[in-house]
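A.B. asks: What follows is upload_39.txt, made up of compact mmCIF, C-alpha atoms:
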```txt
# COMPACT_ATOMS: atom_id res chain seq x y z
CA MET X 7 96.23 95.98 132.51
CA ALA X 8 94.15 94.49 129.70
CA SER X 9 94.79 90.89 128.72
CA ASP X 10 94.08 88.94 125.55
CA VAL X 11 94.29 85.58 127.38
CA PRO X 12 90.92 83.77 127.32
CA MET X 13 89.59 83.39 130.87
CA SER X 14 86.44 82.12 132.53
CA PRO X 15 84.07 84.80 133.91
CA GLU X 16 85.05 83.95 137.49
CA LEU X 17 88.76 84.15 136.72
CA GLU X 18 88.27 87.36 134.77
CA GLN X 19 86.48 88.95 137.74
CA VAL X 20 89.33 88.05 140.12
CA ASP X 21 91.87 89.37 137.61
CA GLY X 22 89.96 92.66 137.37
CA GLU X 23 89.95 93.05 141.17
CA ILE X 24 93.69 92.37 141.31
CA GLN X 25 94.39 94.97 138.64
CA ASP X 26 92.26 97.52 140.54
CA ILE X 27 94.33 96.90 143.66
CA PHE X 28 97.58 97.29 141.71
CA ARG X 29 96.39 100.65 140.40
CA ALA X 30 95.42 101.69 143.93
CA LEU X 31 98.85 100.63 145.24
CA GLN X 32 100.61 102.58 142.50
CA ASN X 33 98.63 105.73 143.23
CA GLY X 34 99.05 105.23 146.99
CA PHE X 35 102.84 104.98 146.85
CA GLN X 36 102.97 108.02 144.59
CA LYS X 37 101.07 109.98 147.24
CA MET X 38 103.53 108.85 149.93
CA ASP X 39 106.19 111.22 148.57
CA LYS X 40 103.78 114.13 148.80
CA ILE X 41 102.84 113.47 152.45
CA LYS X 42 105.16 115.28 154.84
CA ASP X 43 103.60 114.30 158.17
CA SER X 44 105.02 111.01 159.53
CA ASN X 45 101.74 110.01 161.17
CA ARG X 46 99.84 110.41 157.92
CA GLN X 47 102.56 108.47 156.16
CA SER X 48 102.17 105.62 158.66
CA LYS X 49 98.41 105.66 158.15
CA GLN X 50 98.85 105.63 154.39
CA LEU X 51 101.33 102.75 154.68
CA GLU X 52 98.86 100.75 156.79
CA ASP X 53 96.16 101.26 154.17
CA LEU X 54 98.51 100.11 151.44
CA THR X 55 99.48 97.07 153.54
CA GLY X 56 95.82 96.14 153.81
CA LYS X 57 95.48 96.38 150.06
CA MET X 58 98.51 94.12 149.65
CA ARG X 59 96.91 91.57 151.99
CA GLU X 60 93.79 91.60 149.85
CA CYS X 61 95.86 91.33 146.68
CA LYS X 62 97.69 88.30 148.09
CA ARG X 63 94.36 86.64 148.88
CA LEU X 64 93.06 87.33 145.40
CA ILE X 65 96.22 85.88 143.82
CA LYS X 66 95.65 82.69 145.81
CA GLU X 67 92.03 82.69 144.61
CA PHE X 68 93.26 83.22 141.04
CA ASP X 69 95.59 80.23 141.39
CA ARG X 70 92.80 78.05 142.84
CA ILE X 71 90.43 78.82 139.96
CA LEU X 72 93.26 78.33 137.51
CA LYS X 73 93.89 74.82 138.82
CA GLU X 74 90.19 74.00 138.66
CA ASP X 75 89.97 75.15 135.03
CA GLU X 76 93.28 73.59 134.03
CA LYS X 77 91.66 70.57 132.37
CA LYS X 78 89.18 72.73 130.49
CA ASN X 79 91.84 74.97 128.94
CA SER X 80 94.46 74.12 126.35
CA ALA X 81 98.12 73.80 127.28
CA ASP X 82 98.93 77.14 125.64
CA VAL X 83 96.16 78.94 127.55
CA ASN X 84 97.29 77.37 130.83
CA LYS X 85 100.85 78.52 130.14
CA GLN X 86 99.72 82.07 129.44
CA LEU X 87 97.59 82.15 132.60
CA ASN X 88 100.49 80.82 134.69
CA ASP X 89 102.76 83.48 133.19
CA LYS X 90 100.14 86.07 134.09
CA LYS X 91 100.04 84.77 137.66
CA GLN X 92 103.84 85.03 137.89
CA LEU X 93 103.68 88.64 136.69
CA MET X 94 101.10 89.38 139.40
CA ILE X 95 103.39 87.82 142.01
CA LYS X 96 106.35 89.87 140.81
CA GLU X 97 104.35 93.08 140.86
CA LEU X 98 103.06 92.39 144.38
CA ASN X 99 106.61 91.60 145.57
CA SER X 100 107.82 94.88 144.12
CA TYR X 101 105.22 96.75 146.21
CA VAL X 102 106.22 94.70 149.28
CA THR X 103 109.83 95.77 148.79
CA LEU X 104 108.72 99.37 148.32
CA ARG X 105 106.65 99.18 151.51
CA LYS X 106 109.71 97.89 153.36
CA THR X 107 111.73 100.86 152.12
CA TYR X 108 109.15 103.38 153.33
CA GLN X 109 108.75 101.51 156.62
CA SER X 110 112.51 101.62 157.26
CA SER X 111 112.61 105.33 156.50
CA LEU X 112 109.79 105.99 158.93
CA GLY X 113 111.54 104.04 161.69
CA ASN X 114 108.21 102.71 162.90
CA LYS X 115 107.40 99.29 164.19
CA ARG X 116 107.27 96.78 161.39
CA ILE X 117 103.77 96.35 160.02
CA GLU X 118 103.05 92.71 159.42
CA LEU X 119 101.57 92.10 156.02
CA PHE X 120 100.00 88.85 157.16
CA ASP X 121 99.09 87.53 160.55
CA THR X 122 101.15 84.38 160.02
CA GLY X 123 103.44 83.32 157.25
CA ASN X 124 105.55 85.51 155.05
CA ASP X 125 105.16 88.62 152.92
CA GLN X 126 106.04 87.75 149.33
CA VAL X 127 104.22 85.37 147.03
CA THR X 128 106.38 82.73 145.38
CA GLU X 129 105.83 80.22 142.62
CA ASP X 130 104.78 77.37 144.93
CA ASN X 131 102.10 79.67 146.38
CA THR X 132 103.98 80.23 149.67
CA VAL X 133 104.80 83.71 150.90
CA GLN X 134 107.89 85.10 152.54
CA MET X 135 108.36 88.56 153.97
CA ALA X 136 110.94 90.63 152.14
CA SER X 137 112.05 92.06 155.47
CA GLU X 138 112.87 88.55 156.73
CA MET X 139 114.75 87.47 153.62
CA SER X 140 118.53 87.43 153.75
CA ASN X 141 120.62 89.27 151.20
CA GLN X 142 121.50 85.97 149.53
CA GLN X 143 117.82 85.05 149.24
CA LEU X 144 117.03 88.45 147.78
CA MET X 145 119.88 88.06 145.29
CA ASP X 146 118.73 84.56 144.35
CA ALA X 147 115.17 85.80 143.87
CA GLY X 148 116.46 88.69 141.77
CA ARG X 149 118.57 86.35 139.64
CA LYS X 150 115.59 84.07 139.14
CA GLN X 151 113.41 86.96 138.05
CA MET X 152 116.16 88.16 135.73
CA ASP X 153 116.43 84.68 134.19
CA GLN X 154 112.70 84.62 133.63
CA THR X 155 112.88 88.10 132.11
CA ASP X 156 115.73 86.96 129.85
CA GLN X 157 113.61 84.04 128.65
CA VAL X 158 110.75 86.39 127.89
CA ILE X 159 113.14 88.67 126.00
CA GLU X 160 114.53 85.72 124.00
CA ARG X 161 111.00 84.68 123.03
CA SER X 162 110.25 88.26 122.05
CA LYS X 163 113.43 88.36 119.94
CA LYS X 164 112.34 85.21 118.11
CA VAL X 165 108.95 86.72 117.44
CA VAL X 166 110.57 89.93 116.19
CA ALA X 167 112.94 87.93 113.94
CA GLN X 168 110.03 86.00 112.49
CA THR X 169 108.11 89.23 111.96
CA VAL X 170 111.12 90.81 110.21
CA GLU X 171 111.46 87.74 107.97
CA VAL X 172 107.79 87.84 107.04
CA GLY X 173 108.11 91.57 106.40
CA SER X 174 111.11 90.99 104.12
CA GLN X 175 109.25 88.32 102.16
CA THR X 176 106.25 90.61 101.85
CA ALA X 177 108.47 93.48 100.67
CA ALA X 178 110.09 91.21 98.05
CA ALA X 179 106.68 90.05 96.82
CA LEU X 180 105.48 93.65 96.63
CA SER X 181 108.61 94.61 94.69
CA GLN X 182 108.00 91.83 92.17
CA GLN X 183 104.37 92.84 91.82
CA THR X 184 105.45 96.46 91.32
CA GLU X 185 107.85 95.45 88.52
CA GLN X 186 105.13 93.34 86.96
CA MET X 187 102.70 96.27 87.10
CA LYS X 188 105.31 98.48 85.43
CA ARG X 189 105.75 95.93 82.62
CA ILE X 190 101.99 95.68 82.19
CA GLY X 191 101.82 99.49 82.04
CA ASN X 192 104.52 99.59 79.35
CA GLU X 193 102.72 96.90 77.36
CA LEU X 194 99.46 98.82 77.63
CA ASP X 195 101.20 101.95 76.36
CA SER X 196 102.59 99.95 73.42
CA VAL X 197 99.15 98.53 72.64
CA HIS X 198 97.62 102.00 72.85
CA PHE X 199 100.26 103.35 70.44
CA SER X 200 99.63 100.44 68.04
CA LEU X 201 95.88 101.05 68.15
CA LYS X 202 96.40 104.74 67.48
CA LYS X 203 98.69 103.94 64.54
CA ALA X 204 96.19 101.43 63.16
CA SER X 205 93.40 103.99 63.48
CA GLN X 206 95.44 106.50 61.47
CA MET X 207 96.13 103.88 58.79
CA VAL X 208 92.42 103.01 58.58
CA LYS X 209 91.59 106.70 58.14
CA GLU X 210 94.19 107.05 55.37
CA ILE X 211 92.88 103.92 53.62
CA GLY X 212 89.34 105.32 53.91
CA ARG X 213 90.44 108.59 52.33
CA GLN X 214 92.19 106.72 49.50
CA VAL X 215 89.12 104.58 48.90
CA ALA X 216 86.93 107.69 48.81
CA THR X 217 89.32 109.33 46.31
CA ASP X 218 89.34 106.22 44.13
CA LYS X 219 85.55 106.15 44.16
CA CYS X 220 85.39 109.77 43.07
CA ILE X 221 87.84 109.10 40.21
CA MET X 222 85.87 106.03 39.11
CA ALA X 223 82.62 108.00 39.19
CA PHE X 224 84.21 110.79 37.16
CA LEU X 225 85.54 108.30 34.57
CA PHE X 226 82.17 106.61 34.47
CA LEU X 227 80.50 109.95 33.70
CA ILE X 228 83.03 110.64 30.92
CA VAL X 229 82.44 107.23 29.36
CA CYS X 230 78.69 107.72 29.58
CA GLY X 231 79.02 111.12 27.91
CA VAL X 232 81.13 109.72 25.09
CA ILE X 233 78.69 106.87 24.53
CA ALA X 234 75.80 109.30 24.49
CA ILE X 235 77.53 111.47 21.84
CA ILE X 236 78.26 108.44 19.71
CA VAL X 237 74.68 107.26 19.91
CA VAL X 238 73.38 110.70 19.02
CA LYS X 239 75.80 110.96 16.08
CA ILE X 240 74.70 107.63 14.76
CA VAL X 241 71.02 108.35 15.17
CA ASN X 242 71.14 111.91 13.84
CA PRO X 243 74.19 112.30 11.62
CA HIS X 244 73.01 115.60 10.14
CA ASN X 245 72.95 117.39 13.48
CA LYS X 246 75.58 120.11 13.13
CA ASN X 247 75.42 121.07 16.77
CA ILE X 248 77.31 117.95 17.75
CA ARG X 249 80.97 117.99 16.91
CA ASP X 250 82.71 114.95 15.60
CA ILE X 251 84.57 112.96 18.10
CA PRO X 252 88.27 112.89 17.30
CA GLY X 253 89.33 109.53 15.95
CA LEU X 254 85.78 108.57 14.99
CA ALA X 255 85.12 108.60 11.21
CA PRO X 256 82.03 110.49 10.17
CA PRO X 257 79.22 108.48 8.63
CA ALA X 258 79.41 107.95 4.81
CA GLN X 259 77.25 110.31 2.75
CA ASN X 260 75.34 109.31 -0.48
CA ARG X 261 77.43 106.29 -1.17
CA LYS X 262 76.31 104.56 -4.40
CA LEU X 263 76.82 100.92 -5.00
CA LEU X 264 78.07 99.93 -8.39
CA SER X 265 75.61 97.69 -10.12
CA ILE X 266 76.52 94.73 -12.25
CA GLN X 267 75.15 96.49 -15.33
CA SER X 268 77.36 99.48 -14.98
CA PHE X 269 80.29 97.25 -14.39
CA GLY X 270 79.35 95.30 -17.50
CA SER X 271 79.12 98.39 -19.65
CA LEU X 272 82.65 99.12 -18.84
```
What does this structure look like when you write it as structure tokens?
C.D. replies:
Amino acid sequence: MASDVPMSPELEQVDGEIQDIFRALQNGFQKMDKIKDSNRQSKQLEDLTGKMRECKRLIKEFDRILKEDEKKNSADVNKQLNDKKQLMIKELNSYVTLRKTYQSSLGNKRIELFDTGNDQVTEDNTVQMASEMSNQQLMDAGRKQMDQTDQVIERSKKVVAQTVEVGSQTAAALSQQTEQMKRIGNELDSVHFSLKKASQMVKEIGRQVATDKCIMAFLFLIVCGVIAIIVVKIVNPHNKNIRDIPGLAPPAQNRKLLSIQSFGSL
């Protein structure tokens, strides 16, 4: 069982050994159902009892190291390590109860888990054999474990509620950002349409300017042609190849000025 609780190397080693024993106990009790011979079952049960003895010793070692490192760790870390120790105790007690069930079914002589003392590990680091516990004690222990489980469930519910609330806030923020992105997209489409319209207007204005330039150039050529004809007419009035320009009087031919004498003779 992997743990995210920070532990010292020594404590981590003990925890690893305990978890190995728990896996061995789980596999061992699973094999018990497959063994048909009662003698082999008794032998298997003795082996499992030895593993439970070793597990109990390691839990005590875990608790000793935990108390030594208590000042070095933070209050939160100490709480998590104590909770982990309680889970180890509960798991060991569950195997003790299971061993008692198999032992009763075999009808053999009770196998003592420890030379002296009791069989189950409790919070104050004492042990009591499940086989020696009265029904009331078993019920009290069960109620206590259920209360602890309820507390764990309540804490989990609070964590889940907080997670749901954070998720709701995140979803609302994402929804707002999505709406904002949609508005930005619509504005970009509007800007793109405006740019396209402006580009078309610029092209039309360019075509109009080009047309106006062509007209002005054509008018300029006409004016230049007219001026050239007028100049030629003035310079060479006798040139018959050049037609008179409508509206322009031809130059006077052989006009004679009346002299004073001729006027006097009259």
A.B. asks: So that I can see what lies close to stretch 54-62 of chain X, please list as a PyMOL selection string the residues with an atom at most 7 Å from it, counting all atoms listed in the file and leaving out residues fewer than 2 positions away in the same chain.
C.D. replies: chain X and resi 24+27+31+34+50-52+64-66+119-120
A.B. asks: Using all atoms listed in the file, pick whichever of X:Gly148, X:Lys202, X:Leu194, X:Asp43 has the shortest atom-to-atom distance to X:Thr103.
C.D. replies: X:Gly148
A.B. asks: If we count all atoms listed in the file and set the cut-off at 12 Å, which residues sit around X:Lys78, ignoring sequence neighbours fewer than 6 positions away in its own chain? Please answer as a list in words.
C.D. replies: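 Answer for this query is Pro12, Met13, Ser14, Ile71, Leu72 and Asn84 of chain X.
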A.B. asks: Closest to X:Thr155 among X:Ile240, X:Ala234, X:Leu93, X:Ala81, using only C-alpha atoms?
C.D. replies: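 Checking each candidate against X:Thr155, we get X:Leu93 as the closest.
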A.B. asks: From the list X:Asp82, X:Lys163, X:Gly231, X:Asn88, which residue is nearest X:Arg70 when using only C-alpha atoms?
C.D. replies: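 Looking at the shortest contact to X:Arg70, the residue is X:Asn88.
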